[in-house]
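For reference, work_28.txt is printed below; it contains compact mmCIF, C-alpha atoms and all ligand atoms.
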```
# COMPACT_ATOMS: atom_id res chain seq x y z
CA MET P 8 19.08 5.88 -11.47
CA THR P 9 16.66 3.21 -10.35
CA ALA P 10 14.88 1.15 -12.97
CA LEU P 11 11.75 0.82 -10.91
CA THR P 12 9.98 2.05 -7.80
CA VAL P 13 9.19 0.02 -4.74
CA TYR P 14 6.33 1.88 -3.08
CA GLU P 15 6.22 1.11 0.62
CA VAL P 16 2.70 0.85 2.05
CA GLY P 17 3.47 -0.98 5.31
CA PRO P 18 2.87 1.92 7.72
CA ARG P 19 -0.61 2.34 6.22
CA ASP P 20 -1.80 -0.96 4.71
CA GLY P 21 0.19 -2.97 7.24
CA LEU P 22 -0.63 -1.17 10.44
CA GLN P 23 -4.32 -0.56 9.57
CA ASN P 24 -4.84 -4.27 10.04
CA GLU P 25 -2.93 -4.83 13.28
CA PRO P 26 -5.10 -5.98 16.19
CA GLU P 27 -3.37 -3.56 18.54
CA THR P 28 -2.76 0.14 18.19
CA ILE P 29 0.89 0.99 17.65
CA PRO P 30 2.23 4.09 19.44
CA THR P 31 2.87 7.09 17.14
CA ALA P 32 6.56 7.15 18.12
CA ALA P 33 6.99 3.54 16.95
CA LYS P 34 5.29 4.39 13.63
CA LEU P 35 7.70 7.28 13.17
CA GLU P 36 10.67 5.07 13.89
CA LEU P 37 9.37 2.52 11.37
CA ILE P 38 9.04 5.22 8.70
CA GLU P 39 12.53 6.50 9.44
CA ARG P 40 13.98 3.01 9.13
CA LEU P 41 12.21 2.54 5.79
CA ALA P 42 13.58 5.85 4.55
CA VAL P 43 17.10 4.95 5.70
CA ALA P 44 16.79 1.68 3.76
CA GLY P 45 16.38 3.79 0.62
CA LEU P 46 12.61 3.78 0.07
CA ARG P 47 11.55 7.11 -1.39
CA ARG P 48 7.80 6.68 -1.66
CA ILE P 49 6.09 5.72 1.55
CA GLU P 50 2.38 5.62 2.39
CA VAL P 51 2.35 6.57 6.03
CA THR P 52 -1.25 6.71 7.27
CA SER P 53 -4.93 7.33 6.45
CA PHE P 54 -7.23 10.27 6.96
CA VAL P 55 -10.24 7.98 7.11
CA SER P 56 -12.80 7.76 9.89
CA PRO P 57 -11.07 6.80 13.16
CA ARG P 58 -14.22 4.84 13.94
CA TRP P 59 -13.66 2.68 10.88
CA ILE P 60 -9.86 2.36 11.25
CA PRO P 61 -8.90 3.14 14.86
CA GLN P 62 -5.31 1.92 14.27
CA LEU P 63 -4.57 5.04 12.21
CA ALA P 64 -6.49 7.56 14.33
CA ASP P 65 -3.21 9.39 15.04
CA ALA P 66 -2.76 10.49 11.39
CA ASP P 67 -3.10 14.20 12.28
CA ALA P 68 -0.41 13.93 14.96
CA LEU P 69 1.95 11.76 12.93
CA ALA P 70 2.11 13.71 9.66
CA PRO P 71 3.78 16.89 10.98
CA LEU P 72 6.50 14.79 12.66
CA LEU P 73 7.57 12.85 9.56
CA PRO P 74 11.33 12.83 8.93
CA GLU P 75 12.40 14.93 5.96
CA LEU P 76 14.96 13.54 3.52
CA PRO P 77 15.80 14.64 0.00
CA GLY P 78 13.53 12.97 -2.56
CA LEU P 79 11.31 11.38 0.06
CA VAL P 80 7.63 11.55 -0.86
CA TYR P 81 4.89 10.65 1.58
CA SER P 82 1.31 9.71 0.78
CA ALA P 83 -1.76 9.04 2.89
CA LEU P 84 -5.24 7.71 2.15
CA VAL P 85 -7.90 10.36 1.71
CA PRO P 86 -11.45 9.09 1.10
CA ASN P 87 -13.47 12.32 1.09
CA ALA P 88 -13.52 16.09 1.68
CA GLU P 89 -13.24 15.72 5.44
CA GLY P 90 -10.16 13.54 5.01
CA TYR P 91 -8.65 16.07 2.61
CA GLU P 92 -9.13 18.90 5.15
CA ARG P 93 -7.26 16.83 7.72
CA PHE P 94 -4.55 15.90 5.18
CA ARG P 95 -3.92 19.58 4.35
CA ALA P 96 -4.06 20.77 7.94
CA ALA P 97 -1.57 18.13 9.08
CA GLY P 98 1.08 19.05 6.49
CA GLY P 99 4.16 16.97 5.67
CA LEU P 100 2.47 15.03 2.84
CA SER P 101 2.45 15.61 -0.88
CA VAL P 102 0.39 12.75 -2.29
CA ALA P 103 -3.28 12.13 -1.47
CA ALA P 104 -4.34 8.56 -2.17
CA PHE P 105 -7.98 7.95 -3.00
CA PHE P 106 -9.38 4.41 -3.08
CA VAL P 107 -12.37 2.85 -4.78
CA SER P 108 -13.24 -0.72 -5.70
CA ALA P 109 -13.93 -2.32 -9.06
CA SER P 110 -16.73 -4.27 -7.35
CA GLU P 111 -19.80 -2.64 -5.80
CA THR P 112 -20.10 -4.74 -2.64
CA HIS P 113 -16.51 -4.30 -1.51
CA ASN P 114 -16.82 -0.57 -2.12
CA ARG P 115 -19.96 -0.36 0.01
CA LYS P 116 -18.39 -2.37 2.81
CA ASN P 117 -15.22 -0.26 2.66
CA VAL P 118 -16.58 3.27 2.31
CA ASN P 119 -20.34 2.98 2.82
CA ARG P 120 -21.14 4.29 -0.67
CA SER P 121 -21.77 3.00 -4.19
CA VAL P 122 -18.82 3.27 -6.58
CA ALA P 123 -20.58 6.02 -8.55
CA GLU P 124 -21.44 8.09 -5.46
CA HIS P 125 -17.97 7.68 -3.95
CA LEU P 126 -16.35 8.88 -7.21
CA GLU P 127 -18.80 11.76 -7.57
CA ARG P 128 -18.27 12.98 -4.01
CA PHE P 129 -14.52 12.88 -4.52
CA ARG P 130 -14.57 14.95 -7.74
CA PRO P 131 -14.38 18.37 -5.99
CA VAL P 132 -11.67 17.03 -3.68
CA ALA P 133 -9.60 15.97 -6.70
CA GLU P 134 -10.07 19.44 -8.18
CA ARG P 135 -8.89 21.06 -4.97
CA ALA P 136 -5.90 18.75 -4.82
CA LYS P 137 -4.92 19.79 -8.36
CA ALA P 138 -5.29 23.48 -7.45
CA ASP P 139 -3.20 22.94 -4.30
CA GLY P 140 -0.42 21.16 -6.21
CA VAL P 141 -1.10 17.90 -4.36
CA ARG P 142 -0.47 14.79 -6.43
CA LEU P 143 -3.25 12.26 -6.61
CA ARG P 144 -2.70 8.52 -6.37
CA ALA P 145 -5.78 6.33 -6.78
CA TYR P 146 -6.26 2.71 -5.86
CA ALA P 147 -8.54 0.58 -7.98
CA SER P 148 -9.25 -2.25 -5.54
CA THR P 149 -10.53 -5.83 -5.99
CA VAL P 150 -9.16 -5.95 -9.55
CA CYS P 151 -8.50 -9.71 -9.44
CA GLY P 152 -11.56 -10.72 -7.43
CA CYS P 153 -13.97 -9.48 -4.78
CA PRO P 154 -14.47 -11.13 -1.38
CA TYR P 155 -18.23 -10.69 -1.77
CA GLU P 156 -18.89 -10.97 -5.52
CA GLY P 157 -16.13 -13.30 -6.69
CA LYS P 158 -14.95 -12.71 -10.24
CA VAL P 159 -14.42 -9.12 -11.39
CA ALA P 160 -14.57 -8.46 -15.14
CA VAL P 161 -11.49 -6.97 -16.80
CA SER P 162 -13.87 -4.49 -18.47
CA ALA P 163 -14.97 -3.27 -15.01
CA VAL P 164 -11.35 -2.59 -14.06
CA VAL P 165 -10.60 -0.80 -17.32
CA GLY P 166 -13.80 1.25 -16.92
CA LEU P 167 -12.73 2.26 -13.41
CA VAL P 168 -9.21 3.17 -14.56
CA GLU P 169 -10.76 5.45 -17.21
CA LYS P 170 -12.89 7.15 -14.54
CA LEU P 171 -9.87 7.61 -12.28
CA ARG P 172 -7.91 9.16 -15.14
CA ALA P 173 -10.84 11.48 -15.80
CA LEU P 174 -10.80 12.38 -12.10
CA GLY P 175 -7.18 13.53 -12.56
CA ALA P 176 -5.30 10.66 -10.90
CA ASP P 177 -1.55 11.02 -11.54
CA GLU P 178 -0.99 7.38 -10.71
CA ILE P 179 -3.36 4.42 -10.45
CA SER P 180 -2.49 1.42 -8.33
CA LEU P 181 -4.22 -1.81 -9.34
CA GLY P 182 -5.09 -3.56 -6.09
CA ASP P 183 -5.43 -7.31 -5.80
CA THR P 184 -7.03 -6.66 -2.43
CA LEU P 185 -7.92 -10.28 -1.83
CA GLY P 186 -4.66 -11.78 -3.09
CA VAL P 187 -6.35 -14.18 -5.48
CA GLY P 188 -4.77 -12.99 -8.73
CA HIS P 189 -2.43 -15.15 -10.77
CA PRO P 190 0.26 -14.25 -13.30
CA ALA P 191 -1.78 -14.90 -16.47
CA GLN P 192 -4.58 -12.75 -15.03
CA VAL P 193 -2.15 -9.95 -14.17
CA ARG P 194 -0.70 -10.04 -17.69
CA GLU P 195 -4.20 -9.85 -19.19
CA LEU P 196 -5.22 -7.05 -16.82
CA VAL P 197 -2.13 -4.94 -17.40
CA GLY P 198 -2.46 -5.43 -21.16
CA ALA P 199 -6.07 -4.23 -21.04
CA VAL P 200 -5.34 -1.31 -18.69
CA ALA P 201 -2.50 -0.16 -20.97
CA GLY P 202 -5.19 0.88 -23.44
CA ALA P 203 -6.68 3.26 -20.86
CA ALA P 204 -3.58 4.71 -19.16
CA PRO P 205 0.17 4.86 -19.88
CA LEU P 206 1.91 2.15 -17.90
CA GLU P 207 4.29 4.72 -16.34
CA ARG P 208 1.20 5.79 -14.40
CA ILE P 209 0.20 2.31 -13.29
CA ALA P 210 1.32 0.57 -10.11
CA LEU P 211 0.61 -2.96 -8.93
CA HIS P 212 -0.56 -3.61 -5.38
CA CYS P 213 -0.50 -7.34 -4.68
CA HIS P 214 -1.68 -9.04 -1.52
CA ASP P 215 -0.26 -12.49 -0.88
CA THR P 216 -3.19 -14.56 0.40
CA TYR P 217 -2.61 -17.40 -2.08
CA GLY P 218 1.20 -17.04 -2.13
CA ARG P 219 1.22 -15.64 -5.65
CA ALA P 220 1.99 -12.00 -5.00
CA LEU P 221 5.66 -12.21 -6.01
CA ALA P 222 4.83 -14.16 -9.17
CA ASN P 223 2.27 -11.47 -9.93
CA VAL P 224 4.91 -8.76 -9.44
CA GLN P 225 7.16 -10.56 -11.92
CA ALA P 226 4.25 -10.89 -14.38
CA GLY P 227 3.45 -7.20 -13.95
CA PHE P 228 7.09 -6.28 -14.57
CA GLU P 229 7.20 -8.38 -17.75
CA ALA P 230 3.98 -6.68 -18.88
CA GLY P 231 5.58 -3.24 -18.43
CA VAL P 232 4.64 -2.04 -14.92
CA ARG P 233 7.48 -0.27 -13.09
CA THR P 234 5.96 0.64 -9.71
CA PHE P 235 5.21 -2.05 -7.15
CA ASP P 236 3.53 -1.55 -3.79
CA ALA P 237 4.88 -3.65 -0.95
CA SER P 238 4.83 -3.86 2.85
CA LEU P 239 7.80 -4.41 5.09
CA GLY P 240 7.91 -8.04 6.24
CA GLY P 241 4.62 -8.77 4.44
CA LEU P 242 2.46 -6.78 6.84
CA GLY P 243 -1.02 -5.80 5.92
CA GLY P 244 -4.53 -6.43 4.70
CA CYS P 245 -7.83 -4.67 4.28
CA PRO P 246 -10.12 -5.01 7.32
CA TYR P 247 -13.07 -4.95 4.88
CA ALA P 248 -11.71 -7.85 2.81
CA PRO P 249 -12.15 -10.80 5.19
CA GLY P 250 -9.55 -13.53 4.78
CA ALA P 251 -7.10 -11.40 2.84
CA SER P 252 -3.50 -11.44 4.03
CA GLY P 253 -0.68 -8.90 3.85
CA ASN P 254 0.96 -7.26 0.87
CA VAL P 255 3.87 -8.79 -0.93
CA ALA P 256 6.86 -8.26 1.38
CA THR P 257 9.15 -5.37 0.50
CA GLU P 258 12.19 -7.58 1.12
CA ASP P 259 10.87 -10.16 -1.37
CA VAL P 260 10.35 -7.56 -4.09
CA VAL P 261 13.76 -5.95 -3.54
CA ASP P 262 15.44 -9.37 -3.48
CA LEU P 263 13.65 -10.46 -6.68
CA PHE P 264 14.91 -7.43 -8.57
CA ASP P 265 18.37 -7.54 -6.93
CA ALA P 266 18.71 -11.11 -8.19
CA ALA P 267 17.83 -9.95 -11.70
CA GLY P 268 20.32 -7.05 -11.49
CA ILE P 269 17.54 -4.44 -11.65
CA ALA P 270 18.18 -1.43 -9.43
CA THR P 271 15.57 -0.48 -6.82
CA GLY P 272 17.74 1.85 -4.73
CA VAL P 273 16.71 -0.07 -1.61
CA GLU P 274 19.11 -1.91 0.72
CA LEU P 275 17.86 -5.36 1.58
CA GLY P 276 20.00 -5.63 4.73
CA ARG P 277 18.44 -2.50 6.18
CA LEU P 278 14.93 -3.78 5.44
CA VAL P 279 15.72 -7.00 7.27
CA GLU P 280 16.98 -4.97 10.24
CA ALA P 281 13.80 -2.89 10.19
CA SER P 282 11.59 -6.01 10.12
CA ALA P 283 13.58 -7.59 12.96
CA TRP P 284 13.11 -4.42 15.03
CA LEU P 285 9.38 -4.26 14.20
CA GLU P 286 8.89 -7.90 15.07
CA ASP P 287 10.86 -7.85 18.33
CA ALA P 288 10.24 -4.39 19.71
CA VAL P 289 6.78 -3.46 18.44
CA LEU P 290 4.51 -6.23 17.16
CA ARG P 291 5.95 -9.16 19.10
CA ARG P 292 4.75 -11.67 16.53
CA PRO P 293 6.54 -13.20 13.57
CA LEU P 294 6.31 -11.38 10.25
CA PRO P 295 5.58 -13.60 7.24
CA GLY P 296 7.98 -12.18 4.59
CA ARG P 297 9.92 -15.09 3.01
CA VAL P 298 13.24 -13.36 2.37
CA TYR P 299 13.09 -11.72 5.79
CA ARG P 300 12.54 -15.11 7.49
CA ALA P 301 15.32 -16.71 5.47
CA ARG P 302 17.80 -13.89 6.22
CA ARG P 303 16.89 -13.80 9.88
CA GLY P 304 17.20 -17.58 10.17
CA ALA P 305 20.60 -17.48 8.48
CA ARG P 306 21.79 -14.74 10.82
CA ALA P 307 20.61 -16.66 13.89
CA ARG P 308 22.44 -19.78 12.68
CA GLU P 309 25.64 -17.81 12.06
CA GLY P 310 25.39 -16.26 15.54
CA ALA P 311 24.45 -19.51 17.34
CA PRO P 312 27.15 -21.56 19.10
CA ARG P 313 28.21 -24.48 16.85
CA PRO P 314 27.48 -27.98 18.12
CA ALA P 315 30.62 -29.76 19.41
CA GLY P 316 32.50 -31.74 16.76
CA ASN P 317 31.52 -29.47 13.85
P1 LIG P 401 -19.47 7.27 6.77
O1 LIG P 401 -19.82 6.77 8.13
O2 LIG P 401 -20.39 6.94 5.63
O3 LIG P 401 -19.22 8.87 6.80
O4 LIG P 401 -18.01 6.76 6.45
P2 LIG P 401 -20.20 10.08 6.86
O5 LIG P 401 -19.77 11.04 5.83
O6 LIG P 401 -21.62 9.61 6.87
O7 LIG P 401 -19.84 10.69 8.32
C1 LIG P 401 -20.08 9.91 9.49
C2 LIG P 401 -19.11 10.35 10.58
O8 LIG P 401 -17.77 10.06 10.17
C3 LIG P 401 -19.15 11.85 10.88
O9 LIG P 401 -18.84 12.02 12.25
C4 LIG P 401 -18.00 12.41 10.09
O10 LIG P 401 -17.46 13.58 10.65
C5 LIG P 401 -16.98 11.27 10.19
P3 LIG P 401 -20.02 12.23 13.34
O11 LIG P 401 -20.74 13.47 12.87
O12 LIG P 401 -20.90 10.99 13.25
O13 LIG P 401 -19.27 12.35 14.64
N1 LIG P 401 -16.06 11.26 9.06
C6 LIG P 401 -14.73 11.37 9.19
N2 LIG P 401 -13.93 11.52 10.26
C7 LIG P 401 -12.61 11.62 10.02
N3 LIG P 401 -12.05 11.56 8.80
C8 LIG P 401 -12.82 11.43 7.70
C9 LIG P 401 -14.22 11.33 7.88
N4 LIG P 401 -15.24 11.20 7.03
C10 LIG P 401 -16.35 11.15 7.75
N5 LIG P 401 -12.26 11.38 6.51
C11 LIG P 401 -15.89 6.87 5.34
C12 LIG P 401 -17.39 7.04 5.19
C13 LIG P 401 -15.29 6.85 3.94
C14 LIG P 401 -15.32 8.01 6.14
C15 LIG P 401 -15.62 5.53 6.09
O14 LIG P 401 -16.31 4.51 5.42
C16 LIG P 401 -14.17 5.19 6.16
O15 LIG P 401 -13.41 5.85 6.85
N6 LIG P 401 -13.74 4.11 5.47
C17 LIG P 401 -12.34 3.77 5.41
C18 LIG P 401 -12.16 2.31 5.27
C19 LIG P 401 -10.69 2.02 5.13
O16 LIG P 401 -9.82 2.80 5.50
N7 LIG P 401 -10.38 0.82 4.59
C20 LIG P 401 -9.03 0.38 4.41
C21 LIG P 401 -8.28 1.15 3.39
S1 LIG P 401 -8.62 0.62 1.73
C22 LIG P 401 -7.52 -0.67 1.46
O17 LIG P 401 -6.90 -1.15 2.36
C23 LIG P 401 -7.31 -1.17 0.05
C24 LIG P 401 -6.01 -0.66 -0.54
O18 LIG P 401 -4.91 -1.11 0.24
C25 LIG P 401 -5.84 -1.17 -1.97
C26 LIG P 401 -6.09 -2.67 -2.12
O19 LIG P 401 -5.55 -3.47 -1.34
O20 LIG P 401 -6.83 -3.00 -3.04
C27 LIG P 401 -5.98 0.86 -0.60
MG MG P 402 -4.06 -3.12 0.17
```
As structure tokens, how would this structure be written, given the file I've shared?
Amino acid sequence: MTALTVYEVGPRDGLQNEPETIPTAAKLELIERLAVAGLRRIEVTSFVSPRWIPQLADADALAPLLPELPGLVYSALVPNAEGYERFRAAGGLSVAAFFVSASETHNRKNVNRSVAEHLERFRPVAERAKADGVRLRAYASTVCGCPYEGKVAVSAVVGLVEKLRALGADEISLGDTLGVGHPAQVRELVGAVAGAAPLERIALHCHDTYGRALANVQAGFEAGVRTFDASLGGLGGCPYAPGASGNVATEDVVDLFDAAGIATGVELGRLVEASAWLEDAVLRRPLPGRVYRARRGARAREGAPRPAGN
């Protein structure tokens, strides 16, 4: 029994922000490696406009090829009815993930609609998902700050969480899209959101722009959250949140809870292997995850010839 869920979003949040398009076969290998490491909830792609996010234009081809393992649940972003048609036609996925911002300007930049219109247009899609037995995850983005508007009121986040509950969201992930949140803010936010939704249905999605994502995960855990989104090696970012960096690294989250003796069901060594493979064979640039870098450095030192006299 695991005490909490590490929700891997690297193949979606990570790869959507890569400057180069990754071949579908490499994405599939990445997903398989994540599954082998023990991750059981993986967000694999997006059924958004390929004009807006060309990196994930192969969603329709990728979904039917996903490896099947017991207990493995895949999600993908679905912004509208057209995305839902593609999601259903592709198969292989059981969670549709909607996304909407707590701030107007980020929402407009991200999906070309006001918050109210975006929610309203998604209502029939959410109803269809329910009828089809598809679970609905919903991201409330920019909860700790907006790249365009700055501060976002806690009341705006709580109001959005209420609307997402009314829409039928099974789980709501609070997104610090910009990575500006801090632990006291996360505690306040989670405390306020707990009045609008049971915390078993709340996830935390922390980007690491200011280096506080892991501290925010810890704060969220202490406040009662038990699902944490993370990206292998710290990949990621929202192309419509300029300046924002990747998600908290999966290795860092797993290591944090390993150190506290809290089971995640995920093997750190396998994550490090997966990041090393991704870095060397696919992206060919260093990944930022702290624990990954430390483990890789330690391995290289162990493997390196010792200087004479030592
Ligand atoms: P739009 O241009 O307003 O769409 O985009 P439209 O309805 O006016 O249609 C225009 C064209 O797009 C049409 O094609 C449609 O068929 C097509 P045309 O007739 O011109 O050839 N179209 C689609 N094609 C494929 N799939 C679809 C689809 N919908 C329309 N689903 C839209 C609106 C929402 C589609 C667009 O703005 C979009 O794709 N945005 C996605 C942006 C995105 O993916 N951002 C990153 C993910 S969010 C994130 O990273 C934050 C998160 O991690 C949490 C956090 O960190 O806080 C989740
Ligand atoms: Mg994100």
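Counting from atom CA of P:Leu72, the distance to atom CA of P:Ile60 is 20.6 Å.
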Which residues form the shell of 6 Å around ligand LIG 401 (chain P) when you count only C-alpha atoms and all ligand atoms, given as a PDB file with C-alpha atoms, in the coordinates of the input?
```pdb
ATOM      1  CA  ASP P  20      -1.800  -0.960   4.710  1.00  0.00           C
ATOM      2  CA  PHE P  54      -7.230  10.270   6.960  1.00  0.00           C
ATOM      3  CA  VAL P  55     -10.240   7.980   7.110  1.00  0.00           C
ATOM      4  CA  SER P  56     -12.800   7.760   9.890  1.00  0.00           C
ATOM      5  CA  PRO P  57     -11.070   6.800  13.160  1.00  0.00           C
ATOM      6  CA  TRP P  59     -13.660   2.680  10.880  1.00  0.00           C
ATOM      7  CA  ILE P  60      -9.860   2.360  11.250  1.00  0.00           C
ATOM      8  CA  PRO P  86     -11.450   9.090   1.100  1.00  0.00           C
ATOM      9  CA  ASN P  87     -13.470  12.320   1.090  1.00  0.00           C
ATOM     10  CA  GLU P  89     -13.240  15.720   5.440  1.00  0.00           C
ATOM     11  CA  GLY P  90     -10.160  13.540   5.010  1.00  0.00           C
ATOM     12  CA  PHE P 106      -9.380   4.410  -3.080  1.00  0.00           C
ATOM     13  CA  ASN P 117     -15.220  -0.260   2.660  1.00  0.00           C
ATOM     14  CA  VAL P 118     -16.580   3.270   2.310  1.00  0.00           C
ATOM     15  CA  ASN P 119     -20.340   2.980   2.820  1.00  0.00           C
ATOM     16  CA  TYR P 146      -6.260   2.710  -5.860  1.00  0.00           C
ATOM     17  CA  SER P 148      -9.250  -2.250  -5.540  1.00  0.00           C
ATOM     18  CA  THR P 149     -10.530  -5.830  -5.990  1.00  0.00           C
ATOM     19  CA  GLY P 182      -5.090  -3.560  -6.090  1.00  0.00           C
ATOM     20  CA  ASP P 183      -5.430  -7.310  -5.800  1.00  0.00           C
ATOM     21  CA  THR P 184      -7.030  -6.660  -2.430  1.00  0.00           C
ATOM     22  CA  CYS P 245      -7.830  -4.670   4.280  1.00  0.00           C
TER      23      CYS P 245
END
```
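Interatomic distance, atom CA of P:Val224 to atom CA of P:Leu63: 27.4 Å.
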| task | Find the residues near ligand MG 402 (chain P). Use a cut-off of 12 Å, count all atoms listed in the file, and write them as an NGL selection string. | result | :P and (14-24 or 50 or 84 or 104 or 106-108 or 117 or 145-150 or 180-186 or 211-216 or 220 or 235-238 or 241-248 or 251-255)
| query | Smallest atom-to-atom distance to P:Ala136: which of P:Glu280, P:Glu39, P:Glu92, P:Glu111, using all atoms listed in the file? | reply | P:Glu92
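Put simply, atom CA of P:Thr12 is 8.0 Å away from atom CA of P:Arg48.
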| field | Using all atoms listed in the file: which of P:Asp259, P:Glu134, P:Glu36, P:Asp67 has the shortest distance to P:Ala301 | value |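 Ranked by minimum distance to P:Ala301, first place goes to P:Asp259.
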| request: Rank P:Arg95, P:Arg40, P:Arg291, P:Lys116 by their smallest atom-to-atom distance to P:Asp139, using all atoms listed in the file, and report the top residue only. | output: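 Of P:Arg95, P:Arg40, P:Arg291, P:Lys116, the one nearest P:Asp139 is P:Arg95, counting all atoms listed in the file.
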| field | Who sits within 10 Å of P:Glu75, all atoms listed in the file, same chain under 3 positions skipped, as a VMD selection string | value | chain P and resid 39 42 72 78 to 81 99
Can you write out the residues you just picked, keeping C-alpha atoms, as a compact mmCIF listing (two decimals), in the frame of the given file?
```
# COMPACT_ATOMS: atom_id res chain seq x y z
CA GLU P 39 12.53 6.50 9.44
CA ALA P 42 13.58 5.85 4.55
CA LEU P 72 6.50 14.79 12.66
CA GLY P 78 13.53 12.97 -2.56
CA LEU P 79 11.31 11.38 0.06
CA VAL P 80 7.63 11.55 -0.86
CA TYR P 81 4.89 10.65 1.58
CA GLY P 99 4.16 16.97 5.67
```
| field | P:Ala173, P:Ala163, P:Leu239, P:Ala88 ranked by distance to P:Ala256, top pick (using all atoms listed in the file) | value |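 Comparing P:Ala173, P:Ala163, P:Leu239, P:Ala88 against P:Ala256, the winner is P:Leu239.
Minimum atom-to-atom distances from P:Leu221, P:Val168, P:Leu143, P:Leu69 to P:Pro205 were compared using all atoms listed in the file, and the lowest value belongs to P:Val168.
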Missing atoms in stretch 13-18 of chain P need filling: write out all heavy atoms for it as an mmCIF file, keeping the file's coordinate frame.
```
data_model
loop_
_atom_site.group_PDB
_atom_site.id
_atom_site.type_symbol
_atom_site.label_atom_id
_atom_site.label_comp_id
_atom_site.auth_asym_id
_atom_site.auth_seq_id
_atom_site.Cartn_x
_atom_site.Cartn_y
_atom_site.Cartn_z
ATOM 1 N N VAL P 13 9.871 0.823 -5.752
ATOM 2 C CA VAL P 13 9.190 0.020 -4.740
ATOM 3 C C VAL P 13 8.471 1.020 -3.844
ATOM 4 O O VAL P 13 9.105 1.903 -3.258
ATOM 5 C CB VAL P 13 10.177 -0.842 -3.935
ATOM 6 C CG1 VAL P 13 9.425 -1.685 -2.909
ATOM 7 C CG2 VAL P 13 10.996 -1.728 -4.870
ATOM 8 N N TYR P 14 7.172 0.910 -3.795
ATOM 9 C CA TYR P 14 6.330 1.880 -3.080
ATOM 10 C C TYR P 14 5.903 1.240 -1.770
ATOM 11 O O TYR P 14 5.107 0.295 -1.761
ATOM 12 C CB TYR P 14 5.111 2.199 -3.964
ATOM 13 C CG TYR P 14 4.358 3.461 -3.609
ATOM 14 C CD1 TYR P 14 4.151 4.444 -4.564
ATOM 15 C CD2 TYR P 14 3.835 3.662 -2.337
ATOM 16 C CE1 TYR P 14 3.452 5.603 -4.268
ATOM 17 C CE2 TYR P 14 3.135 4.816 -2.029
ATOM 18 C CZ TYR P 14 2.942 5.774 -3.001
ATOM 19 O OH TYR P 14 2.244 6.918 -2.687
ATOM 20 N N GLU P 15 6.456 1.743 -0.685
ATOM 21 C CA GLU P 15 6.220 1.110 0.620
ATOM 22 C C GLU P 15 4.854 1.532 1.178
ATOM 23 O O GLU P 15 4.584 2.729 1.333
ATOM 24 C CB GLU P 15 7.326 1.536 1.592
ATOM 25 C CG GLU P 15 7.136 1.066 3.012
ATOM 26 C CD GLU P 15 7.170 -0.456 3.183
ATOM 27 O OE1 GLU P 15 8.003 -1.115 2.540
ATOM 28 O OE2 GLU P 15 6.350 -0.981 3.972
ATOM 29 N N VAL P 16 4.013 0.542 1.484
ATOM 30 C CA VAL P 16 2.700 0.850 2.050
ATOM 31 C C VAL P 16 2.508 0.249 3.450
ATOM 32 O O VAL P 16 1.422 0.335 4.022
ATOM 33 C CB VAL P 16 1.540 0.421 1.115
ATOM 34 C CG1 VAL P 16 1.566 1.204 -0.185
ATOM 35 C CG2 VAL P 16 1.549 -1.081 0.836
ATOM 36 N N GLY P 17 3.591 -0.322 4.007
ATOM 37 C CA GLY P 17 3.470 -0.980 5.310
ATOM 38 C C GLY P 17 2.905 -0.117 6.436
ATOM 39 O O GLY P 17 2.002 -0.549 7.154
ATOM 40 N N PRO P 18 3.396 1.119 6.607
ATOM 41 C CA PRO P 18 2.870 1.920 7.720
ATOM 42 C C PRO P 18 1.374 2.197 7.603
ATOM 43 O O PRO P 18 0.702 2.422 8.601
ATOM 44 C CB PRO P 18 3.672 3.228 7.612
ATOM 45 C CG PRO P 18 4.931 2.843 6.899
ATOM 46 C CD PRO P 18 4.541 1.755 5.936
#
```
